[in-house]
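Q: Got a structure for you, questions after.
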Amino acid sequence: MFRKGLASSLPIAIGYFPVAVTFGLSAAALGFSRVDTLLASLLIFAGASQFALISLISCPLDAVVIPVFLNLRHIVYSCIISQKFEIKRPYITAFGLTDEVFATSLKAPKNERFIWGLETGAYLSWVLGTLVGVLGGTVLLSEKILTPSLVFALTALFLVLLIPNFKGYHALSALIGGTIALVFQYLGQASTGILLAGILSPIAVLKLKGRDKKVVK
Amino acid sequence: MIEHDVVILLVAAGTYLSRYLPVRFNEKFRELKGFDEFLTYSSTALISALFVTSFVSFPVDLRNTGIGIVALAFVYASYRKWENLGFSVLTGVAVHLALSLACISLLFMKTIL
């Protein structure tokens, strides 16, 4: 199962690598040492938060509070994963529960080792990408055509995971969630949008579902 | 610098706890009535939100968005045909790259001519 998970992590790894290289380069440009940059990827393993951290480092309080706030959506992810899987070693499984790992896990075999495989592949790509960025990924990223195409792997992955949900109330939930995310993306608050989508969409769908049931009766 | 290290450690701890605590105390959540159904719809909404935020960026770049939409159409078609996650994603990346190269070539030709 671990190997299956590792193999399934390939689309995630492809998408992570160029982003991690960019992180390594940006951190170096903002005055982070190589050790600190690598330490961030090794210990945090959360893209948006790491970028927020390095850009806010001039105010240490903001550099701690905002990245942690950005990660509040992980609470919802962890709740869902713990309901769907029998988690025996939460201290291991929880570490690598990123957006992409979470989304892929939902359509995966119900086995904790599968998640570990997914997490390992994604983590190695993230750390390796950061290392390449830290050691001078300028040459690699100067290829302005290749990078957006590699990053596109993540969008493609989310679409593929979304396709089986295009039916019934799930389609409605996807529509509401997507709309909330779009509005907050426009306002420059993408993480808040994701968090609210995960909370408000099911509330709205369950209300509508309850109303529909009453009408049928 | 030590200040950087402290910030990194605090963010790492906060991130880990936000992932770990709900898994650790999942029994408490299981006792809540209707929570399963809530989470089912929540996961769909989250994937949709992740898709939207990864695809759309403001201000909208028409060329990149166009390339993205065509590539997503190929992802959708290949998944409907073969139902293979990895293959569909790689198809999308390949189409995206091919279209980007085509656009660059066209712009280059226009500049020369």
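We name chains A, B, ... following the order of the structure tokens; residues begin at 1 in each chain, and ligands are numbered from 1 as shown.
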Need to verify the contact set: segment 89-98 of chain B, 12 Å, only C-alpha atoms, exclusion of same-chain residues closer than 5 positions in sequence. Can you return it as a PyMOL selection string?
A: (chain A and resi 8-15+143-161) or (chain B and resi 63-79+82-84+103-105)
Q: The selected residues should be written to file as a PDB file, in the first residue's frame (atoms: C-alpha atoms).
A:
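Listed below is the output, again14.pdb:
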```
ATOM      1  CA  SER A   8       0.114   7.991  -6.758  1.00  0.00           C
ATOM      2  CA  SER A   9       2.103  10.922  -5.407  1.00  0.00           C
ATOM      3  CA  LEU A  10       3.733  11.515  -8.812  1.00  0.00           C
ATOM      4  CA  PRO A  11       1.251  14.176 -10.011  1.00  0.00           C
ATOM      5  CA  ILE A  12       1.642  15.975  -6.671  1.00  0.00           C
ATOM      6  CA  ALA A  13       5.435  15.750  -6.831  1.00  0.00           C
ATOM      7  CA  ILE A  14       5.496  17.160 -10.380  1.00  0.00           C
ATOM      8  CA  GLY A  15       3.448  20.141  -9.259  1.00  0.00           C
ATOM      9  CA  GLU A 143      12.716  28.477 -18.353  1.00  0.00           C
ATOM     10  CA  LYS A 144       9.553  30.559 -18.133  1.00  0.00           C
ATOM     11  CA  ILE A 145       7.506  28.178 -20.258  1.00  0.00           C
ATOM     12  CA  LEU A 146       8.202  24.981 -18.334  1.00  0.00           C
ATOM     13  CA  THR A 147       7.449  26.243 -14.816  1.00  0.00           C
ATOM     14  CA  PRO A 148       3.772  27.269 -15.349  1.00  0.00           C
ATOM     15  CA  SER A 149       3.118  23.951 -17.112  1.00  0.00           C
ATOM     16  CA  LEU A 150       4.571  21.981 -14.199  1.00  0.00           C
ATOM     17  CA  VAL A 151       2.597  24.030 -11.675  1.00  0.00           C
ATOM     18  CA  PHE A 152      -0.509  23.356 -13.779  1.00  0.00           C
ATOM     19  CA  ALA A 153      -0.232  19.713 -12.640  1.00  0.00           C
ATOM     20  CA  LEU A 154      -1.862  20.741  -9.342  1.00  0.00           C
ATOM     21  CA  THR A 155      -4.866  22.353 -11.066  1.00  0.00           C
ATOM     22  CA  ALA A 156      -5.262  19.265 -13.255  1.00  0.00           C
ATOM     23  CA  LEU A 157      -5.054  17.056 -10.177  1.00  0.00           C
ATOM     24  CA  PHE A 158      -7.836  18.968  -8.402  1.00  0.00           C
ATOM     25  CA  LEU A 159     -10.050  18.777 -11.495  1.00  0.00           C
ATOM     26  CA  VAL A 160      -9.586  15.016 -11.752  1.00  0.00           C
ATOM     27  CA  LEU A 161     -10.474  14.657  -8.077  1.00  0.00           C
TER      28      LEU A 161
ATOM     29  CA  ARG B  63      -3.661  33.994 -22.828  1.00  0.00           C
ATOM     30  CA  ASN B  64      -2.712  31.845 -19.830  1.00  0.00           C
ATOM     31  CA  THR B  65      -6.353  31.318 -18.853  1.00  0.00           C
ATOM     32  CA  GLY B  66      -7.172  30.226 -22.406  1.00  0.00           C
ATOM     33  CA  ILE B  67      -4.275  27.765 -22.425  1.00  0.00           C
ATOM     34  CA  GLY B  68      -5.405  26.486 -19.023  1.00  0.00           C
ATOM     35  CA  ILE B  69      -9.021  25.976 -20.142  1.00  0.00           C
ATOM     36  CA  VAL B  70      -7.986  23.999 -23.241  1.00  0.00           C
ATOM     37  CA  ALA B  71      -5.568  21.885 -21.187  1.00  0.00           C
ATOM     38  CA  LEU B  72      -8.304  21.235 -18.596  1.00  0.00           C
ATOM     39  CA  ALA B  73     -10.645  20.101 -21.384  1.00  0.00           C
ATOM     40  CA  PHE B  74      -8.024  17.495 -22.324  1.00  0.00           C
ATOM     41  CA  VAL B  75      -7.663  16.465 -18.665  1.00  0.00           C
ATOM     42  CA  TYR B  76     -11.428  16.042 -18.409  1.00  0.00           C
ATOM     43  CA  ALA B  77     -11.685  14.071 -21.659  1.00  0.00           C
ATOM     44  CA  SER B  78      -8.784  11.760 -20.833  1.00  0.00           C
ATOM     45  CA  TYR B  79     -10.139  11.067 -17.345  1.00  0.00           C
ATOM     46  CA  TRP B  82      -9.432   6.071 -19.159  1.00  0.00           C
ATOM     47  CA  GLU B  83     -10.179   7.027 -15.520  1.00  0.00           C
ATOM     48  CA  ASN B  84      -6.470   7.154 -14.704  1.00  0.00           C
ATOM     49  CA  CYS B 103       1.886  30.723 -28.308  1.00  0.00           C
ATOM     50  CA  ILE B 104       5.506  31.748 -27.783  1.00  0.00           C
ATOM     51  CA  SER B 105       6.371  30.622 -31.326  1.00  0.00           C
TER      52      SER B 105
END
```
Q: To one decimal place in Å, what is the distance between atom CA of Leu208 of chain A and atom CA of Ile163 of chain A?
A: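 Going from atom CA of Leu208 of chain A over to atom CA of Ile163 of chain A covers 22.1 Å.
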Q: Between atom CA of Val68 of chain A and atom CA of Val127 of chain A, what is the distance in Å, rounded to a tenth?
A: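 Separation of atom CA of Val68 of chain A and atom CA of Val127 of chain A: 20.0 Å.
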Q: Give me, as a PDB file with N, CA and C atoms, in the first residue's frame, all polymer residues having an atom no more than 12 Å from Thr93 of chain A, counting only C-alpha atoms and skipping those fewer than 6 positions away in the same chain.
A:
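Here's the written file result_4.pdb:
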```pdb
ATOM      1  N   TYR A  77      -9.422  19.445   7.094  1.00  0.00           N
ATOM      2  CA  TYR A  77      -8.857  18.279   6.385  1.00  0.00           C
ATOM      3  C   TYR A  77      -8.666  17.110   7.355  1.00  0.00           C
ATOM      4  N   SER A  78      -8.031  17.414   8.483  1.00  0.00           N
ATOM      5  CA  SER A  78      -7.711  16.356   9.447  1.00  0.00           C
ATOM      6  C   SER A  78      -8.971  15.707   9.995  1.00  0.00           C
ATOM      7  N   ILE A  81     -10.217  13.341   7.249  1.00  0.00           N
ATOM      8  CA  ILE A  81      -9.345  12.157   7.111  1.00  0.00           C
ATOM      9  C   ILE A  81      -9.541  11.202   8.291  1.00  0.00           C
ATOM     10  N   SER A  82      -9.654  11.770   9.483  1.00  0.00           N
ATOM     11  CA  SER A  82      -9.787  10.903  10.660  1.00  0.00           C
ATOM     12  C   SER A  82     -11.130  10.175  10.685  1.00  0.00           C
ATOM     13  N   PHE A  85     -10.589   7.302   7.557  1.00  0.00           N
ATOM     14  CA  PHE A  85      -9.540   6.292   7.711  1.00  0.00           C
ATOM     15  C   PHE A  85      -9.425   5.863   9.175  1.00  0.00           C
ATOM     16  N   GLU A  86      -8.938   4.649   9.345  1.00  0.00           N
ATOM     17  CA  GLU A  86      -8.603   4.248  10.716  1.00  0.00           C
ATOM     18  C   GLU A  86      -7.150   4.637  10.942  1.00  0.00           C
ATOM     19  N   ILE A  87      -6.963   5.741  11.644  1.00  0.00           N
ATOM     20  CA  ILE A  87      -5.614   6.274  11.831  1.00  0.00           C
ATOM     21  C   ILE A  87      -5.018   5.698  13.121  1.00  0.00           C
ATOM     22  N   VAL A 101      -2.350  16.282  -0.800  1.00  0.00           N
ATOM     23  CA  VAL A 101      -2.370  14.941  -0.196  1.00  0.00           C
ATOM     24  C   VAL A 101      -3.776  14.640   0.321  1.00  0.00           C
ATOM     25  N   PHE A 102      -4.366  15.628   0.978  1.00  0.00           N
ATOM     26  CA  PHE A 102      -5.728  15.471   1.493  1.00  0.00           C
ATOM     27  C   PHE A 102      -6.691  15.134   0.353  1.00  0.00           C
ATOM     28  N   SER A 105      -6.171  11.692  -1.074  1.00  0.00           N
ATOM     29  CA  SER A 105      -6.539  10.643  -0.102  1.00  0.00           C
ATOM     30  C   SER A 105      -8.023  10.312  -0.145  1.00  0.00           C
ATOM     31  N   ASN A 111      -6.498   3.098   3.537  1.00  0.00           N
ATOM     32  CA  ASN A 111      -5.362   2.508   4.233  1.00  0.00           C
ATOM     33  C   ASN A 111      -4.377   3.619   4.617  1.00  0.00           C
ATOM     34  N   GLU A 112      -4.007   3.628   5.886  1.00  0.00           N
ATOM     35  CA  GLU A 112      -3.133   4.695   6.383  1.00  0.00           C
ATOM     36  C   GLU A 112      -1.780   4.692   5.664  1.00  0.00           C
ATOM     37  N   ARG A 113      -1.302   3.480   5.320  1.00  0.00           N
ATOM     38  CA  ARG A 113       0.009   3.390   4.648  1.00  0.00           C
ATOM     39  C   ARG A 113      -0.010   4.039   3.267  1.00  0.00           C
ATOM     40  N   PHE A 114      -1.176   4.013   2.627  1.00  0.00           N
ATOM     41  CA  PHE A 114      -1.316   4.679   1.331  1.00  0.00           C
ATOM     42  C   PHE A 114      -1.069   6.182   1.509  1.00  0.00           C
ATOM     43  N   ILE A 115      -1.639   6.750   2.568  1.00  0.00           N
ATOM     44  CA  ILE A 115      -1.417   8.186   2.832  1.00  0.00           C
ATOM     45  C   ILE A 115       0.063   8.451   3.081  1.00  0.00           C
ATOM     46  N   TRP A 116       0.710   7.535   3.826  1.00  0.00           N
ATOM     47  CA  TRP A 116       2.147   7.726   4.099  1.00  0.00           C
ATOM     48  C   TRP A 116       2.942   7.759   2.783  1.00  0.00           C
ATOM     49  N   GLY A 117       2.547   6.883   1.841  1.00  0.00           N
ATOM     50  CA  GLY A 117       3.219   6.864   0.533  1.00  0.00           C
ATOM     51  C   GLY A 117       3.036   8.185  -0.196  1.00  0.00           C
ATOM     52  N   LEU A 118       1.796   8.665  -0.188  1.00  0.00           N
ATOM     53  CA  LEU A 118       1.492   9.958  -0.819  1.00  0.00           C
ATOM     54  C   LEU A 118       2.326  11.074  -0.180  1.00  0.00           C
ATOM     55  N   GLU A 119       2.334  11.069   1.143  1.00  0.00           N
ATOM     56  CA  GLU A 119       3.032  12.124   1.881  1.00  0.00           C
ATOM     57  C   GLU A 119       4.536  12.074   1.624  1.00  0.00           C
ATOM     58  N   THR A 120       5.083  10.863   1.565  1.00  0.00           N
ATOM     59  CA  THR A 120       6.532  10.727   1.357  1.00  0.00           C
ATOM     60  C   THR A 120       6.934  11.282  -0.008  1.00  0.00           C
TER      61      THR A 120
ATOM     62  N   TYR B  16       1.741  21.870  12.479  1.00  0.00           N
ATOM     63  CA  TYR B  16       1.624  20.463  12.868  1.00  0.00           C
ATOM     64  C   TYR B  16       0.418  20.245  13.788  1.00  0.00           C
ATOM     65  N   ARG B  19      -2.873  20.081  12.113  1.00  0.00           N
ATOM     66  CA  ARG B  19      -3.082  18.826  11.393  1.00  0.00           C
ATOM     67  C   ARG B  19      -3.263  17.645  12.358  1.00  0.00           C
ATOM     68  N   TYR B  20      -2.559  17.713  13.484  1.00  0.00           N
ATOM     69  CA  TYR B  20      -2.515  16.566  14.392  1.00  0.00           C
ATOM     70  C   TYR B  20      -3.713  16.485  15.350  1.00  0.00           C
ATOM     71  N   LEU B  21      -4.066  17.621  15.958  1.00  0.00           N
ATOM     72  CA  LEU B  21      -5.088  17.582  17.012  1.00  0.00           C
ATOM     73  C   LEU B  21      -6.440  17.005  16.558  1.00  0.00           C
ATOM     74  N   PRO B  22      -6.962  17.411  15.377  1.00  0.00           N
ATOM     75  CA  PRO B  22      -8.251  16.827  14.962  1.00  0.00           C
ATOM     76  C   PRO B  22      -8.173  15.318  14.717  1.00  0.00           C
ATOM     77  N   VAL B  23      -6.998  14.836  14.270  1.00  0.00           N
ATOM     78  CA  VAL B  23      -6.850  13.389  14.051  1.00  0.00           C
ATOM     79  C   VAL B  23      -6.772  12.668  15.393  1.00  0.00           C
ATOM     80  N   ARG B  24      -6.038  13.295  16.315  1.00  0.00           N
ATOM     81  CA  ARG B  24      -5.830  12.692  17.638  1.00  0.00           C
ATOM     82  C   ARG B  24      -7.150  12.572  18.408  1.00  0.00           C
TER      83      ARG B  24
END
```
Q: Just how far from atom CA of Val60 of chain B is atom CA of Leu182 of chain A, in Å to one decimal?
A: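 Separation of atom CA of Leu182 of chain A and atom CA of Val60 of chain B: 12.2 Å.
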